[in-house]
$ cat coords18.txt   # compact mmCIF, C-alpha atoms and all ligand atoms
# COMPACT_ATOMS: atom_id res chain seq x y z
CA MET A 1 114.59 -126.06 140.60
CA ARG A 2 114.14 -124.48 144.02
CA SER A 3 115.02 -126.77 146.91
CA THR A 4 112.49 -127.57 149.63
CA PHE A 5 114.64 -125.55 152.05
CA GLU A 6 114.57 -122.56 149.71
CA LYS A 7 110.78 -122.78 149.31
CA LEU A 8 110.30 -123.08 153.06
CA THR A 9 112.59 -120.11 153.72
CA SER A 10 110.67 -118.00 151.20
CA ALA A 11 107.35 -118.98 152.72
CA VAL A 12 108.53 -118.07 156.24
CA VAL A 13 109.93 -114.75 155.01
CA MET A 14 106.65 -113.93 153.26
CA ILE A 15 104.60 -114.73 156.37
CA LEU A 16 106.88 -112.55 158.50
CA LEU A 17 106.78 -109.70 156.01
CA LEU A 18 103.08 -109.79 155.12
CA PRO A 19 102.00 -107.18 157.68
CA LEU A 20 104.79 -104.99 156.37
CA LEU A 21 103.76 -105.41 152.73
CA SER A 22 100.27 -104.16 153.40
CA THR A 23 101.24 -101.36 155.77
CA ALA A 24 104.45 -99.91 154.32
CA GLN A 25 105.09 -96.49 155.84
CA SER A 26 102.20 -96.91 158.23
CA ALA A 27 102.78 -95.78 161.81
CA SER A 28 103.48 -99.35 162.89
CA THR A 29 105.97 -99.95 160.06
CA LYS A 30 107.76 -96.73 160.93
CA LYS A 31 107.94 -97.76 164.56
CA GLN A 32 109.24 -101.16 163.57
CA MET A 33 111.82 -99.59 161.25
CA ALA A 34 112.94 -97.03 163.85
CA SER A 35 113.73 -99.82 166.26
CA LEU A 36 115.35 -101.95 163.53
CA ILE A 37 117.58 -99.03 162.52
CA ASP A 38 118.61 -98.30 166.09
CA GLU A 39 119.27 -101.95 166.89
CA ASN A 40 121.42 -102.32 163.76
CA MET A 41 123.44 -99.21 164.56
CA GLN A 42 124.10 -100.25 168.15
CA PHE A 43 125.05 -103.72 166.92
CA ALA A 44 127.32 -102.30 164.21
CA VAL A 45 129.28 -100.07 166.60
CA LYS A 46 130.19 -103.09 168.71
CA GLN A 47 130.78 -105.32 165.72
CA TYR A 48 133.12 -102.78 164.14
CA GLN A 49 135.29 -102.87 167.25
CA VAL A 50 136.00 -106.48 166.29
CA LEU A 51 136.68 -105.43 162.70
CA LYS A 52 139.06 -102.73 163.95
CA ALA A 53 140.91 -105.22 166.14
CA ASN A 54 141.27 -107.55 163.14
CA THR A 55 142.71 -104.85 160.87
CA PRO A 56 146.36 -103.79 161.15
CA ALA A 57 146.86 -100.02 161.38
CA ASP A 58 148.41 -99.82 157.91
CA ARG A 59 145.75 -101.94 156.12
CA MET A 60 142.03 -101.78 155.29
CA PRO A 61 139.51 -104.55 155.93
CA ARG A 62 138.43 -106.45 152.84
CA SER A 63 136.70 -109.70 153.81
CA PHE A 64 136.73 -112.72 156.11
CA ALA A 65 136.97 -116.34 155.02
CA GLN A 66 137.84 -119.69 156.57
CA GLY A 67 138.17 -118.05 159.96
CA ARG A 68 140.72 -115.51 158.71
CA SER A 69 140.57 -111.77 158.19
CA ILE A 70 141.49 -110.60 154.72
CA THR A 71 142.80 -107.05 154.42
CA SER A 72 143.97 -104.82 151.57
CA GLY A 73 146.25 -101.91 150.86
CA THR A 74 144.69 -98.52 150.29
CA GLU A 75 145.02 -98.85 146.50
CA TRP A 76 142.27 -101.53 146.47
CA TRP A 77 138.99 -100.15 145.03
CA CYS A 78 137.16 -100.83 148.30
CA SER A 79 139.50 -98.90 150.60
CA GLY A 80 137.02 -96.03 151.13
CA PHE A 81 134.17 -98.17 152.39
CA TYR A 82 135.48 -98.94 155.88
CA PRO A 83 136.13 -95.28 156.74
CA GLY A 84 132.84 -94.38 155.02
CA THR A 85 130.92 -96.89 157.13
CA LEU A 86 132.58 -95.50 160.25
CA TRP A 87 131.38 -92.01 159.30
CA TYR A 88 127.82 -93.31 158.86
CA LEU A 89 128.09 -94.95 162.28
CA TYR A 90 129.42 -91.76 163.79
CA GLU A 91 126.66 -89.74 162.14
CA TYR A 92 124.07 -91.86 163.92
CA THR A 93 125.76 -92.55 167.26
CA LYS A 94 128.13 -89.58 167.75
CA ASP A 95 130.49 -92.12 169.33
CA ALA A 96 133.89 -90.44 169.78
CA ASN A 97 135.81 -93.72 169.40
CA VAL A 98 134.18 -94.37 166.05
CA LYS A 99 135.14 -90.87 164.90
CA ALA A 100 138.74 -91.34 166.06
CA GLU A 101 139.01 -94.59 164.09
CA ALA A 102 137.46 -92.94 161.00
CA GLU A 103 140.01 -90.10 161.18
CA LYS A 104 142.90 -92.54 161.59
CA ARG A 105 141.82 -94.49 158.50
CA LEU A 106 141.38 -91.33 156.44
CA ALA A 107 144.95 -90.36 157.25
CA LEU A 108 146.06 -93.72 155.85
CA LEU A 109 143.85 -93.39 152.77
CA GLU A 110 144.58 -89.78 151.83
CA LYS A 111 147.50 -90.62 149.53
CA GLU A 112 145.04 -92.31 147.14
CA LYS A 113 143.58 -88.92 146.17
CA ARG A 114 145.98 -89.10 143.23
CA TYR A 115 145.17 -92.70 142.28
CA THR A 116 144.80 -93.18 138.53
CA GLY A 117 145.22 -96.98 138.17
CA ASN A 118 141.51 -97.38 137.36
CA HIS A 119 138.23 -95.43 137.62
CA ASP A 120 137.49 -96.26 141.25
CA ILE A 121 138.86 -93.12 142.89
CA GLY A 122 135.21 -92.10 143.31
CA PHE A 123 134.42 -95.06 145.54
CA MET A 124 137.74 -94.68 147.34
CA ILE A 125 137.63 -90.97 148.09
CA PHE A 126 134.03 -89.82 147.87
CA CYS A 127 132.57 -92.57 150.10
CA SER A 128 135.19 -91.75 152.73
CA PHE A 129 136.30 -88.11 152.53
CA GLY A 130 133.00 -87.01 150.97
CA ASN A 131 131.10 -88.29 153.99
CA ALA A 132 133.70 -86.87 156.36
CA TYR A 133 133.16 -83.41 154.85
CA ARG A 134 129.37 -83.74 154.80
CA ILE A 135 129.32 -84.69 158.47
CA THR A 136 132.04 -82.44 159.91
CA GLY A 137 132.16 -79.53 157.45
CA ASP A 138 135.97 -79.59 157.77
CA LYS A 139 137.40 -78.06 154.59
CA LYS A 140 140.48 -80.26 154.62
CA TYR A 141 138.28 -83.17 153.62
CA LYS A 142 136.72 -81.23 150.74
CA ASP A 143 140.21 -80.42 149.43
CA VAL A 144 140.92 -84.16 149.17
CA VAL A 145 137.72 -84.75 147.18
CA ASP A 146 138.54 -81.81 144.87
CA THR A 147 142.00 -83.23 144.20
CA ALA A 148 140.59 -86.71 143.56
CA ALA A 149 138.14 -85.37 140.95
CA ALA A 150 141.01 -83.71 139.09
CA TYR A 151 142.84 -87.04 138.90
CA GLN A 152 139.66 -88.97 138.09
CA ILE A 153 139.07 -87.09 134.86
CA THR A 154 142.54 -87.92 133.58
CA ARG A 155 140.92 -91.21 132.57
CA TYR A 156 138.33 -89.47 130.38
CA ARG A 157 138.72 -90.56 126.73
CA PRO A 158 137.06 -88.16 124.25
CA SER A 159 137.02 -90.76 121.46
CA ILE A 160 134.65 -93.02 123.42
CA HIS A 161 132.80 -90.25 125.31
CA SER A 162 133.53 -92.09 128.57
CA ILE A 163 135.92 -92.48 131.45
CA GLN A 164 138.02 -95.60 130.88
CA SER A 165 137.37 -98.03 133.75
CA TRP A 166 140.26 -100.45 133.52
CA ASN A 167 143.54 -100.32 131.64
CA LYS A 168 144.11 -102.23 128.40
CA SER A 169 144.65 -105.95 128.98
CA LYS A 170 145.07 -109.14 126.95
CA ASN A 171 141.31 -109.43 126.36
CA LEU A 172 140.09 -105.87 126.62
CA ASN A 173 141.14 -102.78 124.70
CA CYS A 174 139.39 -99.92 126.48
CA PRO A 175 136.80 -101.29 128.90
CA VAL A 176 134.03 -99.26 130.52
CA ILE A 177 132.06 -101.07 133.21
CA ILE A 178 128.62 -100.28 134.60
CA ASP A 179 130.14 -99.80 138.09
CA ASN A 180 131.69 -96.59 136.77
CA MET A 181 128.32 -94.85 137.12
CA MET A 182 128.95 -94.78 140.87
CA ASN A 183 132.18 -92.84 140.52
CA LEU A 184 130.36 -90.01 138.72
CA GLU A 185 128.88 -88.79 142.00
CA GLN A 186 132.23 -87.35 143.00
CA LEU A 187 132.47 -85.34 139.76
CA LEU A 188 128.94 -83.95 139.98
CA TRP A 189 129.43 -83.05 143.62
CA VAL A 190 132.67 -81.18 142.97
CA THR A 191 131.07 -79.03 140.27
CA GLN A 192 128.10 -78.40 142.56
CA HIS A 193 130.47 -77.31 145.35
CA GLY A 194 132.43 -74.62 143.56
CA GLY A 195 134.49 -76.78 141.19
CA SER A 196 134.83 -76.41 137.43
CA GLY A 197 131.85 -77.24 135.19
CA LYS A 198 134.06 -79.66 133.27
CA TYR A 199 133.55 -82.36 135.92
CA LYS A 200 129.79 -82.28 135.47
CA GLU A 201 130.15 -82.18 131.70
CA ILE A 202 132.28 -85.33 131.74
CA ALA A 203 129.88 -87.08 134.12
CA LEU A 204 126.90 -86.28 131.87
CA THR A 205 128.72 -87.41 128.76
CA HIS A 206 129.77 -90.65 130.43
CA ALA A 207 126.25 -91.36 131.75
CA ASN A 208 124.70 -90.69 128.33
CA THR A 209 127.16 -93.06 126.66
CA THR A 210 126.46 -95.73 129.28
CA LEU A 211 122.73 -95.34 128.80
CA LYS A 212 123.14 -95.77 125.06
CA ASN A 213 125.66 -98.61 124.97
CA HIS A 214 125.39 -100.66 128.17
CA TYR A 215 121.64 -101.19 128.37
CA ARG A 216 119.56 -103.83 126.65
CA PRO A 217 115.91 -103.42 125.55
CA ASP A 218 114.73 -105.11 128.78
CA HIS A 219 116.65 -102.46 130.81
CA SER A 220 119.23 -104.88 132.14
CA THR A 221 122.87 -103.96 131.66
CA PHE A 222 126.00 -105.60 130.38
CA HIS A 223 128.87 -105.45 132.83
CA ILE A 224 131.55 -104.41 130.32
CA VAL A 225 131.51 -102.51 127.04
CA ASP A 226 134.89 -102.69 125.35
CA TYR A 227 135.77 -99.87 122.95
CA ASN A 228 138.33 -99.27 120.26
CA LEU A 229 140.14 -96.23 121.61
CA ASP A 230 141.32 -95.15 118.15
CA ASN A 231 137.96 -94.87 116.41
CA GLY A 232 135.50 -95.02 119.33
CA GLU A 233 133.71 -98.10 117.99
CA ILE A 234 132.38 -100.81 120.26
CA ILE A 235 134.45 -103.99 120.05
CA LYS A 236 132.27 -106.16 122.25
CA LYS A 237 129.81 -106.23 125.13
CA VAL A 238 130.59 -108.84 127.78
CA ASN A 239 129.83 -109.80 131.33
CA GLY A 240 132.98 -109.97 133.47
CA GLN A 241 131.45 -110.94 136.81
CA GLY A 242 128.11 -112.17 135.49
CA ALA A 243 127.04 -115.66 134.49
CA HIS A 244 127.37 -115.07 130.73
CA ASP A 245 127.43 -112.21 128.27
CA THR A 246 123.68 -111.74 128.07
CA SER A 247 122.93 -112.42 131.73
CA ALA A 248 122.04 -109.81 134.35
CA TRP A 249 124.80 -109.69 136.97
CA SER A 250 122.99 -108.62 140.14
CA ARG A 251 125.45 -106.08 141.48
CA GLY A 252 125.77 -104.48 138.05
CA GLN A 253 122.00 -103.93 137.95
CA ALA A 254 122.20 -102.37 141.42
CA TRP A 255 125.12 -100.09 140.47
CA GLY A 256 123.13 -98.87 137.47
CA LEU A 257 119.98 -98.28 139.54
CA TYR A 258 121.93 -96.29 142.10
CA GLY A 259 123.93 -94.46 139.43
CA PHE A 260 121.00 -93.21 137.34
CA THR A 261 119.01 -92.26 140.45
CA MET A 262 122.01 -90.23 141.60
CA MET A 263 122.30 -88.64 138.13
CA TYR A 264 118.71 -87.46 138.47
CA ARG A 265 119.46 -86.00 141.90
CA PHE A 266 122.12 -83.71 140.42
CA THR A 267 120.54 -82.89 137.05
CA LYS A 268 116.75 -83.29 137.34
CA ASN A 269 116.95 -84.71 133.82
CA LYS A 270 113.85 -86.89 133.36
CA THR A 271 115.72 -89.29 131.05
CA TYR A 272 117.82 -90.45 134.02
CA LEU A 273 114.73 -90.77 136.20
CA GLU A 274 112.99 -92.92 133.58
CA GLN A 275 116.11 -95.05 133.28
CA ALA A 276 116.25 -95.56 137.05
CA LYS A 277 112.55 -96.50 137.14
CA ASN A 278 113.02 -98.96 134.28
CA ILE A 279 115.97 -100.59 136.07
CA ALA A 280 113.97 -100.75 139.31
CA ASN A 281 111.16 -102.43 137.42
CA PHE A 282 113.56 -104.93 135.86
CA ILE A 283 114.90 -105.87 139.31
CA LEU A 284 111.64 -105.90 141.25
CA SER A 285 109.63 -107.80 138.65
CA HIS A 286 112.31 -110.35 137.86
CA PRO A 287 110.95 -113.90 138.29
CA ASN A 288 114.24 -114.95 139.90
CA LEU A 289 114.18 -112.28 142.61
CA PRO A 290 113.54 -114.25 145.81
CA ALA A 291 110.71 -113.36 148.19
CA ASP A 292 113.07 -111.71 150.66
CA LYS A 293 114.28 -109.50 147.75
CA ILE A 294 117.98 -110.24 148.22
CA PRO A 295 119.11 -111.32 144.74
CA TYR A 296 121.13 -114.31 143.72
CA TRP A 297 124.54 -113.24 142.40
CA ASP A 298 123.12 -113.18 138.86
CA TYR A 299 119.45 -113.03 137.84
CA ASN A 300 120.27 -115.63 135.17
CA ALA A 301 122.64 -117.79 137.21
CA PRO A 302 122.85 -121.26 135.66
CA GLN A 303 121.51 -122.90 138.78
CA ILE A 304 118.89 -121.33 140.97
CA PRO A 305 118.88 -121.38 143.96
CA THR A 306 122.48 -120.33 144.29
CA SER A 307 124.48 -117.90 146.41
CA ARG A 308 122.81 -114.64 147.31
CA ASP A 309 124.62 -111.34 146.95
CA ALA A 310 123.85 -109.28 150.05
CA SER A 311 125.83 -106.39 148.60
CA ALA A 312 123.51 -106.19 145.57
CA GLY A 313 120.55 -106.16 147.96
CA ALA A 314 122.06 -103.41 150.12
CA ILE A 315 122.97 -101.19 147.13
CA ALA A 316 119.53 -101.66 145.57
CA ALA A 317 117.78 -100.91 148.88
CA SER A 318 119.67 -97.66 149.33
CA ALA A 319 119.03 -96.66 145.69
CA LEU A 320 115.30 -97.48 145.85
CA LEU A 321 114.91 -95.30 148.93
CA GLU A 322 116.38 -92.38 147.03
CA LEU A 323 114.31 -93.14 143.94
CA GLY A 324 111.23 -93.08 146.16
CA GLN A 325 111.96 -89.40 146.76
CA TYR A 326 111.56 -88.50 143.10
CA VAL A 327 108.35 -90.27 142.09
CA GLY A 328 104.62 -90.17 142.80
CA LYS A 329 102.84 -91.92 145.65
CA THR A 330 102.21 -95.26 143.93
CA ASP A 331 105.78 -95.77 142.69
CA ARG A 332 107.13 -94.51 146.01
CA ALA A 333 105.16 -97.15 147.88
CA THR A 334 106.50 -99.84 145.51
CA TYR A 335 110.12 -98.77 145.95
CA VAL A 336 109.98 -98.10 149.68
CA ASP A 337 108.10 -101.33 150.40
CA ALA A 338 110.72 -103.28 148.46
CA ALA A 339 113.64 -101.48 150.11
CA THR A 340 112.06 -102.05 153.52
CA ILE A 341 111.86 -105.77 152.89
CA MET A 342 115.49 -105.77 151.72
CA LEU A 343 116.63 -103.96 154.88
CA GLN A 344 114.55 -106.26 157.06
CA SER A 345 115.92 -109.32 155.33
CA LEU A 346 119.52 -108.12 155.68
CA SER A 347 118.89 -107.48 159.38
CA SER A 348 117.76 -111.07 159.91
CA ASP A 349 119.97 -113.97 160.97
CA ALA A 350 120.00 -115.16 157.36
CA TYR A 351 122.34 -112.31 156.40
CA ARG A 352 123.48 -110.48 159.52
CA ALA A 353 126.38 -111.81 161.55
CA LYS A 354 126.08 -112.94 165.11
CA PRO A 355 127.85 -110.60 167.58
CA GLY A 356 131.61 -111.02 167.46
CA GLU A 357 131.50 -113.40 164.46
CA ASN A 358 132.11 -112.84 160.74
CA GLY A 359 135.47 -111.16 161.41
CA GLY A 360 133.61 -108.10 162.71
CA PHE A 361 131.73 -107.38 159.46
CA ILE A 362 128.01 -106.66 159.76
CA LEU A 363 126.69 -108.68 156.82
CA LYS A 364 127.53 -112.16 155.56
CA ASN A 365 126.71 -113.65 152.15
CA SER A 366 128.06 -111.35 149.47
CA VAL A 367 129.66 -112.46 146.23
CA GLY A 368 132.65 -110.79 144.58
CA SER A 369 133.02 -112.88 141.43
CA PHE A 370 131.19 -116.20 141.47
CA LEU A 371 132.60 -117.88 138.37
CA ALA A 372 136.16 -116.87 139.29
CA ASN A 373 135.47 -118.47 142.69
CA SER A 374 136.62 -115.23 144.27
CA GLU A 375 134.90 -113.89 147.40
CA VAL A 376 131.87 -116.19 147.31
CA ASP A 377 129.50 -116.19 150.33
CA VAL A 378 131.68 -113.84 152.34
CA PRO A 379 131.37 -110.42 153.96
CA LEU A 380 132.44 -107.45 151.83
CA THR A 381 133.00 -103.86 152.94
CA TYR A 382 130.61 -102.33 150.43
CA ALA A 383 127.69 -104.50 151.57
CA ASP A 384 128.08 -103.04 155.07
CA TYR A 385 128.49 -99.52 153.71
CA TYR A 386 125.32 -99.48 151.58
CA PHE A 387 123.35 -101.34 154.25
CA LEU A 388 124.05 -98.60 156.81
CA GLU A 389 123.48 -95.93 154.16
CA GLY A 390 120.09 -97.48 153.42
CA LEU A 391 119.14 -97.51 157.10
CA LEU A 392 120.13 -93.85 157.47
CA ARG A 393 118.23 -92.92 154.31
CA TYR A 394 115.13 -94.64 155.65
CA LYS A 395 115.49 -92.69 158.90
CA LYS A 396 116.03 -89.38 157.08
CA TRP A 397 113.19 -89.69 154.54
CA TYR A 398 110.58 -92.13 155.77
CA LEU A 399 110.39 -92.18 159.57
N1 LIG A 401 133.17 -102.67 141.29
C1 LIG A 401 133.50 -104.03 141.37
C2 LIG A 401 132.39 -104.89 141.82
O1 LIG A 401 131.26 -104.47 141.98
O2 LIG A 401 132.66 -106.06 142.04

$ encode --input "coords18.txt" --output "structure tokens" --more "lines below"
Ligand code: GLY
Amino acid sequence: MRSTFEKLTSAVVMILLLPLLSTAQSASTKKQMASLIDENMQFAVKQYQVLKANTPADRMPRSFAQGRSITSGTEWWCSGFYPGTLWYLYEYTKDANVKAEAEKRLALLEKEKRYTGNHDIGFMIFCSFGNAYRITGDKKYKDVVDTAAAYQITRYRPSIHSIQSWNKSKNLNCPVIIDNMMNLEQLLWVTQHGGSGKYKEIALTHANTTLKNHYRPDHSTFHIVDYNLDNGEIIKKVNGQGAHDTSAWSRGQAWGLYGFTMMYRFTKNKTYLEQAKNIANFILSHPNLPADKIPYWDYNAPQIPTSRDASAGAIAASALLELGQYVGKTDRATYVDAATIMLQSLSSDAYRAKPGENGGFILKNSVGSFLANSEVDVPLTYADYYFLEGLLRYKKWYL
């Protein structure tokens, strides 16, 4: 049952967004978005000064809860997002202080180019050093990405036609998680930029296996597929961070949407495009997607309303804007309208921090793992990263 507050909030959001719904990409929407993007960027530069002050020089920001900053070492899967967000901010503002902070954090992070503890070296190195190279053209950053790709493929397991996400544990033999689709970007990029074709080959094989084994007939995805490493058979399909094994964990759906859209960018293989469109349709037509289009932490959460996951909204917004580049006019309008509403919603007081608050993070209200009661209704680095990426993508493609 939706509470009265929830219904009221939805109604207000719909009234505010109605002009936008009917005029997506019109001159007035573009004007509105241009000013929203600029306001967010100016806000974020100031806000990230607070985040910087809260983060010791040898640590990375992770979250903020109960009035306290939570930081991590560079081996944490999210360590590339803070430097990556700084590069996005620098790209827009050309602020020398932002660049200096980004460079300082890259120096701290560089040792992780040989990280093999899990599959996340793509998030860690490509979101940070990949952006640094794209923006500056400095070859030293490309060298780090090239090295990281070489270490990333050491986790490729021929028997399961996939990169192993996490190591064997008490409950899981050889788990592959949907999030792994995101790490493939680094491999495809390295092949495209003079690296060996083997990186692309592994990325394609992994994506094809994920498409076959992770997805359900309704185009939602399981979080985890666990394989038998000896014979390649599937042991089980489960939902680590979702509500239950057959539920649709919101961030997982967003990772998949982003991942298959990105696969199409590099390959122009229509199968990936169709997959991305099917995932977009699953998300956008889901009866439990709220009017402001920021999902609850799971589309099948046991109680709705429940906590929103701003990170899932930000990732989906960024992905939909890219998907809009590869489809016809009607689908483009659907995806860009939805992404616009997501970005507008995230920019509102419901999700965006007040200046100086929230430990210096831009967005509030993300969920790490709801049922584990870990990082619930808190800021998370990747929500900020994909939010700014979405704003920049809107500026690049739709203004
Ligand atoms: N990749 C871990 C997560 O999305 O929570």

$ closest_atom_pairs --input "coords18.txt" --of "range 110-209 of chain A" --to "range 262-268 of chain A" --cutoff "9 Å" --atoms "all atoms listed in the file" --output "CSV"
residue,atom,partner,partner_atom,distance
A:Met181,CA,A:Met263,CA,8.7
A:Met182,CA,A:Met262,CA,8.3
A:Leu184,CA,A:Met263,CA,8.2
A:Glu185,CA,A:Met262,CA,7.0
A:Leu188,CA,A:Phe266,CA,6.8
A:Trp189,CA,A:Phe266,CA,8.0
A:Gln192,CA,A:Phe266,CA,8.3
A:Ala203,CA,A:Met263,CA,8.7
A:Leu204,CA,A:Met263,CA,8.1
A:Ala207,CA,A:Met263,CA,8.0

$ residues_around --input "coords18.txt" --residues "Pro56 in chain A" --least-positions-apart "5" --cutoff "12 Å" --atoms "all atoms listed in the file" --output "ChimeraX atom specification"
/A:50-51,61-62,69-73,104-105,108

$ write_last_selection --input "coords18.txt" --atoms "C-alpha atoms" --output "mmCIF file, in the frame of the given file"
data_model
loop_
_atom_site.group_PDB
_atom_site.id
_atom_site.type_symbol
_atom_site.label_atom_id
_atom_site.label_comp_id
_atom_site.auth_asym_id
_atom_site.auth_seq_id
_atom_site.Cartn_x
_atom_site.Cartn_y
_atom_site.Cartn_z
ATOM 1 C CA VAL A 50 136.000 -106.480 166.290
ATOM 2 C CA LEU A 51 136.680 -105.430 162.700
ATOM 3 C CA PRO A 61 139.510 -104.550 155.930
ATOM 4 C CA ARG A 62 138.430 -106.450 152.840
ATOM 5 C CA SER A 69 140.570 -111.770 158.190
ATOM 6 C CA ILE A 70 141.490 -110.600 154.720
ATOM 7 C CA THR A 71 142.800 -107.050 154.420
ATOM 8 C CA SER A 72 143.970 -104.820 151.570
ATOM 9 C CA GLY A 73 146.250 -101.910 150.860
ATOM 10 C CA LYS A 104 142.900 -92.540 161.590
ATOM 11 C CA ARG A 105 141.820 -94.490 158.500
ATOM 12 C CA LEU A 108 146.060 -93.720 155.850
#

$ residues_around --input "coords18.txt" --residues "Gln152 in chain A" --least-positions-apart "6" --cutoff "10 Å" --atoms "all atoms listed in the file" --output "JSON, numbers by chain"
{"A": [113, 114, 115, 116, 117, 118, 119, 120, 121, 122, 146, 163, 164, 183, 184, 186, 187, 199]}

$ closest_atom_pairs --input "coords18.txt" --of "range 237-340 of chain A" --to "range 344-356 of chain A" --cutoff "9 Å" --atoms "only C-alpha atoms" --output "tab-separated table"
residue	atom	partner	partner_atom	distance
A:Asp292	CA	A:Ser345	CA	6.0
A:Lys293	CA	A:Ser345	CA	7.8
A:Ile294	CA	A:Ser345	CA	7.5
A:Ala310	CA	A:Tyr351	CA	7.2
A:Gly313	CA	A:Leu346	CA	8.0
A:Ala314	CA	A:Leu346	CA	7.7
A:Ala339	CA	A:Gln344	CA	8.5
A:Thr340	CA	A:Gln344	CA	6.0

$ residues_near_ligand --input "coords18.txt" --ligand "ligand LIG 401 (chain A)" --cutoff "10 Å" --atoms "only C-alpha atoms and all ligand atoms" --output "PyMOL selection string"
chain A and resi 77-78+119-120+123+165+177-180+182-183+223+240-241+249-252+254-255+311-312+367-369+375+380+382

$ write_last_selection --input "coords18.txt" --atoms "C-alpha atoms" --output "tab-separated table (two decimals), in the coordinates of the input"
chain	number	residue	atom	x	y	z
A	77	TRP	CA	138.99	-100.15	145.03
A	78	CYS	CA	137.16	-100.83	148.30
A	119	HIS	CA	138.23	-95.43	137.62
A	120	ASP	CA	137.49	-96.26	141.25
A	123	PHE	CA	134.42	-95.06	145.54
A	165	SER	CA	137.37	-98.03	133.75
A	177	ILE	CA	132.06	-101.07	133.21
A	178	ILE	CA	128.62	-100.28	134.60
A	179	ASP	CA	130.14	-99.80	138.09
A	180	ASN	CA	131.69	-96.59	136.77
A	182	MET	CA	128.95	-94.78	140.87
A	183	ASN	CA	132.18	-92.84	140.52
A	223	HIS	CA	128.87	-105.45	132.83
A	240	GLY	CA	132.98	-109.97	133.47
A	241	GLN	CA	131.45	-110.94	136.81
A	249	TRP	CA	124.80	-109.69	136.97
A	250	SER	CA	122.99	-108.62	140.14
A	251	ARG	CA	125.45	-106.08	141.48
A	252	GLY	CA	125.77	-104.48	138.05
A	254	ALA	CA	122.20	-102.37	141.42
A	255	TRP	CA	125.12	-100.09	140.47
A	311	SER	CA	125.83	-106.39	148.60
A	312	ALA	CA	123.51	-106.19	145.57
A	367	VAL	CA	129.66	-112.46	146.23
A	368	GLY	CA	132.65	-110.79	144.58
A	369	SER	CA	133.02	-112.88	141.43
A	375	GLU	CA	134.90	-113.89	147.40
A	380	LEU	CA	132.44	-107.45	151.83
A	382	TYR	CA	130.61	-102.33	150.43

$ closest_residue --input "coords18.txt" --among "A:Glu91, A:Asp226, A:Glu103, A:Asp337" --to "Phe129 in chain A" --atoms "only C-alpha atoms"
A:Glu103

$ residues_around --input "coords18.txt" --residues "Thr306 in chain A" --least-positions-apart "2" --cutoff "8 Å" --atoms "all atoms listed in the file" --output "PyMOL selection string"
chain A and resi 296-297+301+303-304+308

$ write_last_selection --input "coords18.txt" --atoms "C-alpha atoms" --output "mmCIF file, in the coordinates of the input"
data_model
loop_
_atom_site.group_PDB
_atom_site.id
_atom_site.type_symbol
_atom_site.label_atom_id
_atom_site.label_comp_id
_atom_site.auth_asym_id
_atom_site.auth_seq_id
_atom_site.Cartn_x
_atom_site.Cartn_y
_atom_site.Cartn_z
ATOM 1 C CA TYR A 296 121.130 -114.310 143.720
ATOM 2 C CA TRP A 297 124.540 -113.240 142.400
ATOM 3 C CA ALA A 301 122.640 -117.790 137.210
ATOM 4 C CA GLN A 303 121.510 -122.900 138.780
ATOM 5 C CA ILE A 304 118.890 -121.330 140.970
ATOM 6 C CA ARG A 308 122.810 -114.640 147.310
#

$ closest_residue --input "coords18.txt" --among "A:Asn358, A:Thr29, A:Gln325, A:Asn365" --to "Pro295 in chain A" --atoms "all atoms listed in the file"
A:Asn365

$ closest_residue --input "coords18.txt" --among "A:Ala276, A:Cys174, A:Ala148, A:Leu323" --to "Tyr215 in chain A" --atoms "all atoms listed in the file"
A:Ala276
